[in-house]
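Engineer: Next up, entry.csv (CSV, C-alpha atoms).
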chain,number,residue,atom,x,y,z
A,1,MET,CA,13.3,16.9,34.1
A,2,ALA,CA,14.5,15.0,37.1
A,3,ASP,CA,14.1,11.4,36.1
A,4,GLU,CA,12.2,8.9,34.0
A,5,THR,CA,9.4,8.7,36.5
A,6,GLN,CA,8.8,12.4,36.2
A,7,LEU,CA,8.8,12.2,32.4
A,8,LYS,CA,6.4,9.4,32.5
A,9,GLY,CA,4.1,11.4,34.8
A,10,HIS,CA,4.2,14.4,32.6
A,11,LEU,CA,3.4,12.4,29.5
A,12,ALA,CA,0.6,10.6,31.3
A,13,ASP,CA,-0.9,13.9,32.3
A,14,LEU,CA,-0.7,15.2,28.8
A,15,ALA,CA,-2.2,12.1,27.3
A,16,GLU,CA,-5.0,12.1,29.8
A,17,SER,CA,-5.8,15.8,29.0
A,18,GLY,CA,-6.0,14.8,25.4
A,19,ARG,CA,-8.2,11.9,26.1
A,20,ARG,CA,-10.6,14.1,28.2
A,21,GLN,CA,-10.8,16.8,25.6
A,22,ALA,CA,-11.2,14.5,22.6
A,23,VAL,CA,-14.7,14.1,21.1
A,24,PRO,CA,-14.3,11.1,18.9
A,25,LEU,CA,-17.0,10.0,16.5
A,26,ALA,CA,-19.3,7.3,17.5
A,27,ALA,CA,-18.2,3.8,16.4
A,28,GLU,CA,-21.1,3.5,14.0
A,29,ARG,CA,-19.9,6.6,12.2
A,30,ILE,CA,-16.4,5.1,11.9
A,31,ARG,CA,-17.8,2.0,10.4
A,32,ALA,CA,-20.1,3.9,8.1
A,33,HIS,CA,-17.0,5.8,6.7
A,34,GLY,CA,-15.2,2.5,6.2
A,35,GLU,CA,-18.2,1.0,4.5
A,36,GLN,CA,-18.6,4.0,2.2
A,37,ARG,CA,-15.0,3.7,1.1
A,38,LEU,CA,-15.3,0.0,0.5
A,39,ARG,CA,-18.3,0.6,-1.7
A,40,ARG,CA,-16.5,3.3,-3.7
A,41,ARG,CA,-13.5,1.1,-4.1
A,42,ARG,CA,-15.6,-1.9,-5.2
A,43,ALA,CA,-17.4,0.4,-7.7
A,44,ALA,CA,-14.2,1.8,-8.9
A,45,LEU,CA,-12.6,-1.6,-9.3
A,46,ALA,CA,-15.7,-2.8,-11.2
A,47,SER,CA,-15.4,0.2,-13.6
A,48,GLY,CA,-11.7,-0.5,-13.9
A,49,GLY,CA,-12.5,-4.0,-15.1
A,50,VAL,CA,-14.9,-2.8,-17.7
A,51,LEU,CA,-12.4,-0.2,-18.7
A,52,LEU,CA,-9.7,-2.8,-19.3
A,53,ALA,CA,-12.1,-4.8,-21.4
A,54,ALA,CA,-12.9,-1.7,-23.4
A,55,ALA,CA,-9.2,-1.0,-23.8
A,56,LEU,CA,-8.6,-4.5,-25.1
A,57,VAL,CA,-11.4,-4.2,-27.6
A,58,ALA,CA,-10.1,-0.9,-28.8
A,59,GLY,CA,-6.6,-2.4,-29.0
A,60,GLY,CA,-8.0,-5.3,-31.1
A,61,LEU,CA,-9.7,-3.0,-33.5
A,62,SER,CA,-6.6,-1.0,-33.8
A,63,LEU,CA,-4.5,-4.1,-34.7
A,64,ALA,CA,-7.2,-5.2,-37.2
A,65,ARG,CA,-7.0,-1.9,-38.9
A,66,ALA,CA,-3.2,-2.2,-39.2
A,67,ASP,CA,-3.7,-4.9,-41.8
A,68,ARG,CA,-5.6,-2.6,-44.1
A,69,GLY,CA,-2.7,-0.4,-45.1
A,70,PRO,CA,-0.6,2.5,-44.0
A,71,GLU,CA,-2.1,5.0,-41.6
A,72,PRO,CA,-2.7,8.5,-42.7
A,73,PRO,CA,0.0,11.0,-41.7
A,74,ALA,CA,-0.1,11.7,-38.0
A,75,VAL,CA,-1.6,15.0,-37.1
A,76,ILE,CA,-0.4,16.7,-34.0
A,77,PRO,CA,-3.4,17.0,-31.8
A,78,THR,CA,-4.3,20.4,-30.5
A,79,PRO,CA,-6.1,21.1,-27.3
A,80,THR,CA,-9.7,21.6,-27.9
A,81,ALA,CA,-11.2,25.0,-27.1
A,82,SER,CA,-11.8,24.3,-23.5
A,83,PRO,CA,-15.2,24.7,-22.0
A,84,PHE,CA,-13.6,23.8,-18.7
A,85,VAL,CA,-15.4,25.0,-15.7
A,86,THR,CA,-13.8,24.8,-12.3
A,87,PRO,CA,-15.7,22.3,-10.2
A,88,THR,CA,-17.4,23.7,-7.1
A,89,PRO,CA,-17.8,21.7,-3.9
A,90,ALA,CA,-21.3,20.6,-3.1
A,91,PRO,CA,-22.9,22.1,0.0
A,92,GLY,CA,-21.3,20.5,3.0
A,93,GLN,CA,-18.3,19.2,0.9
A,94,GLU,CA,-14.8,20.5,1.4
A,95,TYR,CA,-13.6,19.7,-2.1
A,96,ALA,CA,-15.0,19.1,-5.6
A,97,SER,CA,-13.0,16.6,-7.7
A,98,GLU,CA,-12.3,16.5,-11.4
A,99,LEU,CA,-11.3,13.1,-12.8
A,100,GLY,CA,-8.9,13.1,-15.7
A,101,TYR,CA,-5.6,12.0,-17.3
A,102,VAL,CA,-2.8,14.2,-16.0
A,103,TYR,CA,0.1,14.4,-18.4
A,104,GLY,CA,2.4,16.7,-20.4
A,105,ALA,CA,4.0,18.0,-17.1
A,106,VAL,CA,6.5,20.7,-17.6
A,107,ALA,CA,8.5,22.3,-14.7
A,108,ARG,CA,8.8,26.0,-14.8
A,109,GLY,CA,10.5,27.5,-11.8
A,110,ASP,CA,8.4,26.9,-8.8
A,111,THR,CA,5.5,25.8,-10.8
A,112,VAL,CA,4.5,22.8,-12.8
A,113,GLN,CA,2.2,23.0,-15.8
A,114,ILE,CA,0.1,19.9,-16.4
A,115,THR,CA,-2.4,19.0,-19.0
A,116,VAL,CA,-5.7,17.5,-17.9
A,117,LYS,CA,-7.9,15.4,-20.2
A,118,GLN,CA,-11.2,15.3,-18.3
A,119,LEU,CA,-12.9,12.0,-17.9
A,120,ARG,CA,-16.2,10.8,-16.5
A,121,THR,CA,-17.4,7.3,-15.7
A,122,ALA,CA,-20.4,6.1,-17.7
A,123,GLN,CA,-21.8,2.6,-17.3
A,124,GLY,CA,-18.6,1.4,-15.7
A,125,THR,CA,-16.2,2.9,-18.2
A,126,LEU,CA,-14.0,6.0,-18.4
A,127,VAL,CA,-15.2,8.3,-21.1
A,128,PRO,CA,-13.4,11.4,-22.2
A,129,VAL,CA,-15.6,14.4,-21.7
A,130,GLY,CA,-13.9,16.3,-24.6
A,131,VAL,CA,-12.4,18.9,-22.3
A,132,VAL,CA,-8.7,19.3,-22.2
A,133,HIS,CA,-7.1,22.1,-20.2
A,134,THR,CA,-3.9,23.1,-18.5
A,135,LEU,CA,-3.2,23.9,-14.9
A,136,THR,CA,-0.2,25.7,-13.6
A,137,LEU,CA,0.3,24.5,-10.0
A,138,PRO,CA,3.0,25.0,-7.3
A,139,ARG,CA,5.7,22.4,-7.4
A,140,ARG,CA,4.8,21.6,-3.8
A,141,THR,CA,1.2,20.7,-4.6
A,142,PRO,CA,0.6,17.5,-2.6
A,143,VAL,CA,0.0,14.3,-4.6
A,144,GLU,CA,-1.2,11.0,-3.3
A,145,ALA,CA,0.5,8.7,-5.8
A,146,ARG,CA,0.9,5.0,-6.3
A,147,GLN,CA,1.8,3.7,-9.7
A,148,SER,CA,2.8,7.1,-11.0
A,149,ALA,CA,5.4,7.2,-8.3
A,150,GLY,CA,6.6,3.7,-9.2
A,151,GLY,CA,4.5,2.0,-6.6
A,152,ASP,CA,3.2,-1.6,-6.6
A,153,ALA,CA,-0.2,-2.0,-8.2
A,154,ALA,CA,-0.6,-5.5,-7.0
A,155,ASP,CA,-2.5,-4.9,-3.8
A,156,ALA,CA,-5.4,-2.5,-4.6
A,157,ALA,CA,-6.9,-3.0,-1.2
A,158,ASP,CA,-3.7,-1.9,0.6
A,159,VAL,CA,-4.7,1.7,1.3
A,160,ALA,CA,-1.5,2.3,3.2
A,161,ASP,CA,0.7,1.6,0.2
A,162,VAL,CA,0.4,5.1,-1.3
A,163,ALA,CA,3.2,7.6,-1.5
A,164,ASP,CA,2.7,11.2,-0.5
A,165,VAL,CA,4.8,13.3,-2.8
A,166,GLU,CA,5.0,16.7,-4.3
A,167,LEU,CA,3.9,17.4,-7.8
A,168,GLY,CA,7.5,18.6,-8.6
A,169,GLU,CA,8.8,15.1,-7.9
A,170,LEU,CA,6.5,13.6,-10.5
A,171,VAL,CA,7.4,15.8,-13.5
A,172,ASP,CA,9.6,13.1,-15.0
A,173,ARG,CA,6.8,10.6,-14.7
A,174,LEU,CA,4.0,12.8,-16.0
A,175,ASP,CA,5.8,14.4,-18.9
A,176,GLY,CA,4.6,12.0,-21.5
A,177,GLY,CA,1.2,11.3,-22.9
A,178,PRO,CA,-2.0,10.4,-21.0
A,179,ARG,CA,-1.3,7.4,-18.8
A,180,TRP,CA,-2.4,7.9,-15.2
A,181,VAL,CA,-5.8,9.0,-14.0
A,182,PHE,CA,-6.0,11.4,-11.1
A,183,ALA,CA,-8.7,13.0,-9.1
A,184,ILE,CA,-8.0,16.7,-8.8
A,185,ASP,CA,-9.4,18.4,-5.7
A,186,TYR,CA,-10.6,21.9,-6.0
A,187,ASP,CA,-11.6,24.0,-3.0
A,188,SER,CA,-14.5,26.3,-2.8
A,189,GLU,CA,-12.4,29.1,-4.3
A,190,GLY,CA,-11.4,27.0,-7.3
A,191,ARG,CA,-7.9,26.4,-6.2
A,192,VAL,CA,-6.3,23.0,-6.6
A,193,GLN,CA,-5.4,21.6,-3.2
A,194,SER,CA,-4.2,18.1,-4.1
A,195,LEU,CA,-4.1,15.4,-6.6
A,196,ARG,CA,-4.9,11.8,-5.9
A,197,GLU,CA,-4.0,9.1,-8.3
A,198,ALA,CA,-7.1,7.0,-9.2
A,199,TYR,CA,-4.8,3.9,-9.5
A,200,TRP,CA,-7.6,1.5,-9.2
A,201,LEU,CA,-9.0,2.7,-12.5
A,202,ALA,CA,-5.8,1.6,-14.2
A,203,GLU,CA,-5.7,-1.9,-12.8
B,1,MET,CA,7.4,4.4,3.6
B,2,ARG,CA,6.7,0.7,4.2
B,3,PRO,CA,3.1,-0.1,5.1
B,4,PRO,CA,2.5,-1.7,8.4
B,5,ASP,CA,2.0,-5.4,8.4
B,6,LYS,CA,-1.6,-6.1,7.7
B,7,PRO,CA,-3.7,-7.1,10.7
B,8,ARG,CA,-4.0,-10.8,10.7
B,9,GLY,CA,-7.0,-12.6,12.1
B,10,ARG,CA,-10.3,-14.1,11.6
B,11,GLY,CA,-12.1,-10.8,11.3
B,12,VAL,CA,-14.4,-9.0,13.7
B,13,GLY,CA,-18.1,-8.2,13.8
B,14,GLU,CA,-19.7,-4.9,14.5
B,15,ASP,CA,-20.1,-5.4,18.3
B,16,ALA,CA,-16.6,-6.5,18.8
B,17,PHE,CA,-15.2,-3.7,16.7
B,18,ASP,CA,-17.4,-1.1,18.5
B,19,ALA,CA,-16.2,-2.4,21.9
B,20,PHE,CA,-12.5,-2.3,20.7
B,21,TYR,CA,-13.0,1.2,19.4
B,22,THR,CA,-14.8,2.5,22.4
B,23,ALA,CA,-12.2,1.0,24.8
B,24,SER,CA,-9.2,2.3,23.0
B,25,VAL,CA,-10.0,5.4,20.9
B,26,GLY,CA,-9.5,7.8,23.8
B,27,ARG,CA,-6.3,6.2,25.0
B,28,LEU,CA,-4.9,6.2,21.4
B,29,ILE,CA,-5.8,9.9,20.9
B,30,GLY,CA,-4.0,10.7,24.1
B,31,GLN,CA,-0.9,8.8,22.9
B,32,LEU,CA,-1.0,10.4,19.5
B,33,TYR,CA,-1.5,13.8,21.1
B,34,ALA,CA,1.8,13.2,23.0
B,35,MET,CA,3.5,12.1,19.7
B,36,THR,CA,2.2,14.9,17.6
B,37,GLY,CA,1.6,17.7,20.0
B,38,ASP,CA,-1.7,18.5,18.2
B,39,LEU,CA,-4.9,17.3,19.7
B,40,ALA,CA,-7.1,17.9,16.6
B,41,GLU,CA,-4.5,16.1,14.4
B,42,ALA,CA,-4.3,13.3,16.9
B,43,GLN,CA,-8.1,12.8,16.9
B,44,ASP,CA,-8.2,13.0,13.1
B,45,VAL,CA,-5.5,10.4,12.4
B,46,VAL,CA,-6.7,8.0,15.1
B,47,GLN,CA,-10.2,8.0,13.7
B,48,GLU,CA,-8.8,7.6,10.2
B,49,ALA,CA,-6.8,4.7,11.3
B,50,PHE,CA,-9.9,3.1,12.8
B,51,VAL,CA,-11.8,3.6,9.5
B,52,ARG,CA,-9.0,1.7,7.8
B,53,ALA,CA,-9.1,-1.0,10.5
B,54,TRP,CA,-12.8,-1.4,9.7
B,55,GLN,CA,-12.1,-1.6,6.0
B,56,ARG,CA,-9.8,-4.5,6.9
B,57,ARG,CA,-12.0,-6.1,9.5
B,58,THR,CA,-11.8,-9.5,7.9
B,59,GLU,CA,-8.1,-9.5,8.7
B,60,LEU,CA,-8.4,-7.9,12.1
B,61,ASP,CA,-7.5,-10.0,15.1
B,62,LEU,CA,-8.7,-8.6,18.4
B,63,ASP,CA,-6.7,-11.2,20.2
B,64,GLY,CA,-3.5,-10.0,18.5
B,65,ALA,CA,-2.3,-6.4,18.8
B,66,PRO,CA,-4.9,-4.4,17.0
B,67,GLU,CA,-4.2,-1.3,19.1
B,68,ALA,CA,-0.6,-1.3,18.0
B,69,TRP,CA,-1.6,-1.6,14.4
B,70,VAL,CA,-4.1,1.3,14.7
B,71,ARG,CA,-1.4,3.4,16.5
B,72,THR,CA,1.2,2.6,13.8
B,73,VAL,CA,-1.2,3.6,11.0
B,74,ALA,CA,-2.2,6.8,12.9
B,75,TRP,CA,1.4,7.7,13.4
B,76,ARG,CA,2.2,7.2,9.7
B,77,LEU,CA,-0.7,9.3,8.8
B,78,ALA,CA,0.4,12.0,11.1
B,79,VAL,CA,3.9,12.2,9.7
B,80,SER,CA,2.8,12.1,6.1
B,81,ARG,CA,3.6,15.4,4.5
B,82,TRP,CA,0.5,15.4,2.4
B,83,ARG,CA,-1.7,14.5,5.3
B,84,ARG,CA,-0.1,17.2,7.4
B,85,MET,CA,-0.6,19.9,4.9
B,86,ARG,CA,-4.1,18.9,4.0
B,87,THR,CA,-5.2,18.5,7.6
B,88,ALA,CA,-3.8,21.9,8.4
B,89,LEU,CA,-5.7,23.4,5.6
B,90,ALA,CA,-8.9,21.6,6.5
B,91,PHE,CA,-8.4,22.4,10.2
B,92,ALA,CA,-7.9,26.1,9.4
B,93,ARG,CA,-11.1,26.1,7.4
B,94,ARG,CA,-13.1,24.4,10.1
B,95,GLN,CA,-12.1,27.0,12.6
B,96,GLY,CA,-14.8,29.5,13.1
B,97,PRO,CA,-14.7,32.0,15.9
B,98,PRO,CA,-12.6,30.7,18.7
B,99,ALA,CA,-14.5,28.4,20.9
B,100,THR,CA,-14.9,29.0,24.6
B,101,VAL,CA,-12.6,26.4,26.0
B,102,ALA,CA,-10.5,26.3,29.1
B,103,PRO,CA,-7.0,27.6,28.5
B,104,PRO,CA,-4.4,24.8,28.2
B,105,ASP,CA,-2.5,23.8,31.2
B,106,PRO,CA,0.8,25.7,31.1
B,107,HIS,CA,2.7,22.5,31.9
B,108,HIS,CA,1.1,20.8,28.9
B,109,VAL,CA,2.0,23.7,26.7
B,110,LEU,CA,5.6,23.5,27.9
B,111,LEU,CA,5.8,19.8,27.4
B,112,VAL,CA,4.2,20.0,23.9
B,113,GLN,CA,6.6,22.7,22.8
B,114,ALA,CA,9.5,20.6,24.0
B,115,LEU,CA,8.2,17.5,22.4
B,116,ARG,CA,7.8,19.3,19.1
B,117,GLN,CA,11.4,20.3,19.1
B,118,ILE,CA,12.9,16.8,19.3
B,119,PRO,CA,13.1,14.6,16.2
B,120,GLU,CA,10.0,12.6,15.3
B,121,ALA,CA,11.7,9.2,15.8
B,122,GLN,CA,12.9,10.2,19.3
B,123,ARG,CA,9.5,11.5,20.2
B,124,ARG,CA,7.8,8.4,19.1
B,125,ALA,CA,10.2,6.2,21.0
B,126,VAL,CA,9.9,8.2,24.2
B,127,VAL,CA,6.1,8.1,24.0
B,128,LEU,CA,5.9,4.4,23.3
B,129,HIS,CA,8.3,3.5,26.0
B,130,HIS,CA,7.3,6.0,28.8
B,131,LEU,CA,3.6,6.5,28.1
B,132,CYS,CA,2.5,3.3,26.4
B,133,ASP,CA,4.7,1.2,28.7
B,134,LEU,CA,6.2,-0.8,25.8
B,135,THR,CA,9.5,-2.5,26.5
B,136,VAL,CA,12.4,-1.4,24.4
B,137,GLU,CA,12.0,-4.6,22.4
B,138,GLN,CA,8.3,-3.9,21.8
B,139,VAL,CA,9.2,-0.3,20.7
B,140,ALA,CA,11.7,-1.8,18.3
B,141,ALA,CA,9.1,-4.1,16.9
B,142,GLU,CA,6.5,-1.4,16.5
B,143,THR,CA,8.9,1.1,14.9
B,144,ASP,CA,10.7,-1.4,12.8
B,145,CYS,CA,14.0,-0.4,14.2
B,146,PRO,CA,16.9,-2.3,15.8
B,147,VAL,CA,16.8,-2.4,19.6
B,148,GLY,CA,20.1,-0.5,19.7
B,149,THR,CA,18.6,2.3,17.7
B,150,VAL,CA,15.6,2.5,20.0
B,151,LYS,CA,17.9,2.7,23.0
B,152,SER,CA,19.8,5.5,21.4
B,153,GLN,CA,16.6,7.4,20.5
B,154,LEU,CA,15.3,7.1,24.0
B,155,SER,CA,18.5,8.3,25.5
B,156,ARG,CA,18.8,11.2,23.1
B,157,GLY,CA,15.1,12.0,23.4
B,158,ARG,CA,15.2,12.1,27.2
B,159,ALA,CA,18.4,14.2,27.2
B,160,ALA,CA,16.9,16.7,24.7
B,161,LEU,CA,13.7,17.0,26.7
B,162,ALA,CA,15.7,17.5,29.9
B,163,ARG,CA,17.7,20.2,28.2
B,164,LEU,CA,14.6,21.9,26.7
B,165,LEU,CA,12.7,21.8,30.0
B,166,ALA,CA,15.6,22.6,32.3
B,167,ASP,CA,14.7,26.3,32.9
B,168,THR,CA,11.0,25.8,32.9
B,169,GLU,CA,8.5,24.8,35.6
B,170,LEU,CA,8.9,21.3,34.4
B,171,GLY,CA,12.7,21.4,35.0
B,172,PRO,CA,14.1,19.4,37.9
B,173,ARG,CA,15.4,22.3,39.8
B,174,THR,CA,12.0,24.2,39.6
B,175,THR,CA,10.1,21.0,40.5
B,176,ARG,CA,12.3,20.3,43.5
B,177,GLN,CA,11.8,23.9,44.7
B,178,SER,CA,8.1,23.6,44.1
B,179,GLU,CA,8.0,20.4,46.1
B,180,VAL,CA,9.9,22.1,48.9
B,181,ARG,CA,7.7,25.1,48.8
B,182,HIS,CA,4.5,23.0,49.0
B,183,GLY,CA,6.0,20.3,51.2
Show me the file's structure as structure tokens.
Structural biologist:
Amino acid sequence: MADETQLKGHLADLAESGRRQAVPLAAERIRAHGEQRLRRRRAALASGGVLLAAALVAGGLSLARADRGPEPPAVIPTPTASPFVTPTPAPGQEYASELGYVYGAVARGDTVQITVKQLRTAQGTLVPVGVVHTLTLPRRTPVEARQSAGGDAADAADVADVADVELGELVDRLDGGPRWVFAIDYDSEGRVQSLREAYWLAE
Amino acid sequence: MRPPDKPRGRGVGEDAFDAFYTASVGRLIGQLYAMTGDLAEAQDVVQEAFVRAWQRRTELDLDGAPEAWVRTVAWRLAVSRWRRMRTALAFARRQGPPATVAPPDPHHVLLVQALRQIPEAQRRAVVLHHLCDLTVEQVAAETDCPVGTVKSQLSRGRAALARLLADTELGPRTTRQSEVRHG
């Protein structure tokens, strides 16, 4: 390339060709997408608030019970016989999502086994569905993480403050009990394509 | 990855946002195309960045540098591993039979191939400086790098591109011959 002027010209040609070929969405569609996400986020934040209240009530009950005497011996929970059915994307949708606690991560070679305790939202609260199942996924499965990756939970509206990591990098964080809620994206063939931490449900 | 500074301002209405989008989306897609070498990816990340700008419209200041903010968000989306993988998968699925489109300009193919071979930071600096007409100081501000680093990235990026394009139709010798031939 002879000089900077020539480079500038080549880049300008390339960018102009991109601009000509691009078929961007109409501005209304862009705004509609943004509005849809804001509505979802507000709804999720609202359910998160109710969830917190429910958790506090449950905690209070638990403390009250502690005064009554010793608890019975702990029983190691066993996974329920799982009626798990892989979610299927709705017509026109690329993915179907399962909401659930992701925990008990164990690395095994190039894979990571996780346990999923399925949840649903009902009247603004997270409710266990009663389905617990395991998934064995590639270590490289992409995960959109925030608090589970050590991120800051303070700014729930900051959509840019999310870490993109691989599942293998989170094994140490997810190897305990249920703590973080994720949306698990399944494609039309039932394969898990990604996990997204539903951090707003925990705030 | 540090998030870009939030857009600061009094917020914008629909008409002002639409005007901003319409005026800048094509230009930004062209710029991101040069940065990423992938037109579909460029369009996708620029649109996503605008969606995020609308989500933050109460903070958006059209008198400030909203285009730089959108470009920064789009760039960060483009370099995100997760985004890259997921977009590739989505893009592959969207592809039906090949569309009837004009073949790409051979010069653009050469340039894209060369751009893809230089490090992302150098590519970004080269595009911001030589395509977006930002000064070195402005590139430094947008990329959150010291001015000296940007100068180094520009120098190395230009040298790498010159080396990669030396024996192609975009190389200086070929271009000069071509100019002579057509002159």
Engineer: Up to 10 Å from (8.0, 7.3, 16.8) in the file's coordinates: name the residues, counting only C-alpha atoms, as a compact mmCIF listing (two decimals) with C-alpha atoms, in the coordinates of the input.
Structural biologist:
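Output (point.txt):
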# COMPACT_ATOMS: atom_id res chain seq x y z
CA LEU B 32 -1.00 10.40 19.50
CA MET B 35 3.50 12.10 19.70
CA THR B 36 2.20 14.90 17.60
CA THR B 72 1.20 2.60 13.80
CA TRP B 75 1.40 7.70 13.40
CA ARG B 76 2.20 7.20 9.70
CA VAL B 79 3.90 12.20 9.70
CA PRO B 119 13.10 14.60 16.20
CA GLU B 120 10.00 12.60 15.30
CA ALA B 121 11.70 9.20 15.80
CA GLN B 122 12.90 10.20 19.30
CA ARG B 123 9.50 11.50 20.20
CA ARG B 124 7.80 8.40 19.10
CA ALA B 125 10.20 6.20 21.00
CA VAL B 126 9.90 8.20 24.20
CA VAL B 127 6.10 8.10 24.00
CA LEU B 128 5.90 4.40 23.30
CA HIS B 129 8.30 3.50 26.00
CA VAL B 139 9.20 -0.30 20.70
CA ALA B 140 11.70 -1.80 18.30
CA GLU B 142 6.50 -1.40 16.50
CA THR B 143 8.90 1.10 14.90
CA ASP B 144 10.70 -1.40 12.80
CA VAL B 150 15.60 2.50 20.00
CA GLN B 153 16.60 7.40 20.50
Engineer: Report the distance between atom CA of Leu174 of chain A and atom CA of Leu137 of chain A in Å, rounded to one decimal place.
Structural biologist: 13.7 Å
Engineer: Provide as a short mmCIF file (atom, residue, chain, number, x, y, z; two decimals) with C-alpha atoms, in the coordinates of the input the residues of chain B at most 6 Å from chain A, counting only C-alpha atoms.
Structural biologist:
data_model
loop_
_atom_site.label_atom_id
_atom_site.label_comp_id
_atom_site.auth_asym_id
_atom_site.auth_seq_id
_atom_site.Cartn_x
_atom_site.Cartn_y
_atom_site.Cartn_z
CA PRO B 3 3.10 -0.10 5.10
CA ASP B 18 -17.40 -1.10 18.50
CA GLY B 26 -9.50 7.80 23.80
CA GLY B 30 -4.00 10.70 24.10
CA GLN B 31 -0.90 8.80 22.90
CA ALA B 34 1.80 13.20 23.00
CA VAL B 51 -11.80 3.60 9.50
CA TRP B 54 -12.80 -1.40 9.70
CA GLN B 55 -12.10 -1.60 6.00
CA TRP B 82 0.50 15.40 2.40
CA HIS B 108 1.10 20.80 28.90
CA HIS B 130 7.30 6.00 28.80
CA LEU B 131 3.60 6.50 28.10
CA ALA B 162 15.70 17.50 29.90
CA GLY B 171 12.70 21.40 35.00
CA PRO B 172 14.10 19.40 37.90
#
Engineer: Interatomic distance between atom CA of Asp175 of chain A and atom CA of Leu119 of chain A?
Structural biologist: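 Separating atom CA of Asp175 of chain A from atom CA of Leu119 of chain A is a distance of 18.9 Å.
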Engineer: Quick check, in Å to one decimal: how far apart do atom CA of Arg52 of chain B and atom CA of Ser24 of chain B lie?
Structural biologist: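 Spanning atom CA of Arg52 of chain B to atom CA of Ser24 of chain B is a straight-line distance of 15.2 Å.
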Engineer: Using only C-alpha atoms for the distances, tell me which of B:Val112, B:Ala141, B:Val70, B:Leu60 is nearest to Gly13 of chain B.
Structural biologist: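 Nearest to Gly13 of chain B: B:Leu60.
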Engineer: Under the rule that all atoms listed in the file are counted, which of B:Asp167, B:Asp61, B:Asp38, B:Asp133 is the nearest residue to Phe17 of chain B?
Structural biologist: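 Under the stated criterion, the closest residue is B:Asp61.
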Engineer: Give the answer as one residue: which of B:Glu41, B:Ala166, B:Glu67, B:Leu115 has the shortest atom-to-atom distance to Cys132 of chain B, using only C-alpha atoms?
Structural biologist: B:Glu67
Engineer: Of the candidates A:Val116, A:Arg139, A:Gly109, A:Arg39, which one gets nearest to Val171 of chain A if we count all atoms listed in the file?
Structural biologist: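 Residue with the minimum atom-to-atom distance to Val171 of chain A: A:Arg139.
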